[in-house]
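Below is one structure, written out as structure tokens; the observations come after it.
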Amino acid sequence: MPDAAALPPRSALPRDVDIPALPGVGITWYDRGGKYWRRRVALTLMWAMVLLLIVLIDVGIFTAMHKSSPGAFAVLLTIDVLVAIAVLCYFAIRTVRRWNTPALPGRARTAITARKGRGGAFLSGLLQIGYLLAVLAVAVVFLFCPVLILVMFLMSLMPQPLAERQARLWMAERLRERGYGTPAG
């Protein structure tokens with residue numbers, strides 16, 4: 001597998017090659033200059049602040065629960081720890097499996113939102129209500145088990161996040177397909 005960091009400088013790219021934008025860092029991931037690192041630091045600080053806020057809320061909830069019902073506290077804390085371990089293991093394994101896979105982050109498009117015709121608007125409305133309920137459910141889960149926020153924070157600390165690694169590999173593959181050589185790495 002070629003070195004994902006060995007891409008030609010932006011000025012050496014052919015005019016017909018577009019650099020894809022990644023969530024949070026835009027196209028700054030390609031050069032990894034000052035603007036890129038400012039965005040990365042800002043994202044890391046944001047995840048740290050959100051995590052701190054949720055942990056402080058959790059400490060209050062769990063403290064109140066421990067005082068009122070030690071049994072329920074023990075059960076909920078055990079479930080919380082087990083879910084956290086399972087989610088952290090899942091994302092660690094997922095990252096390792098996808099590390100050398102060239103890809104770009106995309107948007108999933110469902111058949112319901114793509115449908116046109118009489119029932120499409122109704123189904124789309126139901127889907128939006130479903131998304132809203134799912135977001136509310138996830139918000140409640142985050143309050144008790146902020147492990148996904150912890151995962152986002154830990155991924156922001158990586159020297160090269162998974163999405164950027166995959167985009168670099170994707171870009172190197174596209175350049176090779178077009179016949180443009182990348183520097184040997």
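We name chains A, B, ... following the order of the structure tokens; residues begin at 1 in each chain, and ligands are numbered from 1 as shown.
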
Quick check for you: according to DSSP on this backbone, which residues of region 8-125 of chain A are classed as helix (DSSP H, G or I)? Reply as a PyMOL selection string. chain A and resi 10-12+34-68+70-98+111-114+120-125

Quick one: residues within 12 Å of Leu175 (chain A), only C-alpha atoms, excluding same-chain residues fewer than 3 positions away - as a PyMOL selection string? chain A and resi 6-8+12-14+16-19+168-172+178-183

Which residue is closest to Val25 (chain A)? Choose from A:Asp58, A:Glu164, A:Asp80, A:Glu177 and count only C-alpha atoms. A:Glu164

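For Phe62 (chain A), the set of protein, DNA and RNA residues having any atom at most 12 Å away, when counting only C-alpha atoms and skipping those fewer than 4 positions along the same chain, is A:Ile54, A:Val55, A:Leu56, A:Ile57, A:Asp58, A:His66, A:Lys67, A:Ser68, A:Ser69, A:Pro70, A:Gly71, A:Ala72, A:Phe73, A:Ala74, A:Val75, A:Leu76, A:Leu77, A:Thr78, A:Asp80, A:Leu143, A:Phe144, A:Cys145.
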
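Distances to Val96 (chain A) were evaluated for A:Arg165, A:Arg39, A:Arg15, A:Arg10 using only C-alpha atoms, and the minimum falls at A:Arg165.
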
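With only C-alpha atoms taken into account, the protein and nucleic acid residues at most 12 Å from Arg38 (chain A) (excluding it and anything under 6 positions from it in its own chain) are Gly24, Val25, Thr28, Trp29, Arg32, Thr44 and Leu45 of chain A.
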
Any chance you could export the current selection's N, CA and C atoms as a tab-separated table (two decimals), in the first residue's frame?
chain	number	residue	atom	x	y	z
A	24	GLY	N	-15.50	18.86	8.86
A	24	GLY	CA	-14.71	19.49	9.92
A	24	GLY	C	-13.46	20.19	9.46
A	25	VAL	N	-12.80	19.68	8.42
A	25	VAL	CA	-11.53	20.27	7.99
A	25	VAL	C	-11.56	20.77	6.55
A	28	THR	N	-8.57	21.56	3.73
A	28	THR	CA	-7.29	21.86	4.37
A	28	THR	C	-6.52	20.60	4.72
A	29	TRP	N	-7.18	19.45	4.73
A	29	TRP	CA	-6.51	18.18	5.06
A	29	TRP	C	-5.40	17.86	4.06
A	32	ARG	N	-2.36	20.19	5.15
A	32	ARG	CA	-2.06	20.08	6.58
A	32	ARG	C	-1.27	21.28	7.09
A	44	THR	N	-11.07	19.26	18.53
A	44	THR	CA	-10.68	18.52	19.72
A	44	THR	C	-11.18	19.23	20.98
A	45	LEU	N	-11.00	20.54	21.02
A	45	LEU	CA	-11.49	21.30	22.19
A	45	LEU	C	-13.01	21.23	22.30

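Among the candidates A:Ala103, A:Leu52, A:Ala84, A:Ala137, the residue lying nearest to Ala163 (chain A) is A:Ala103 (atoms considered: only C-alpha atoms).
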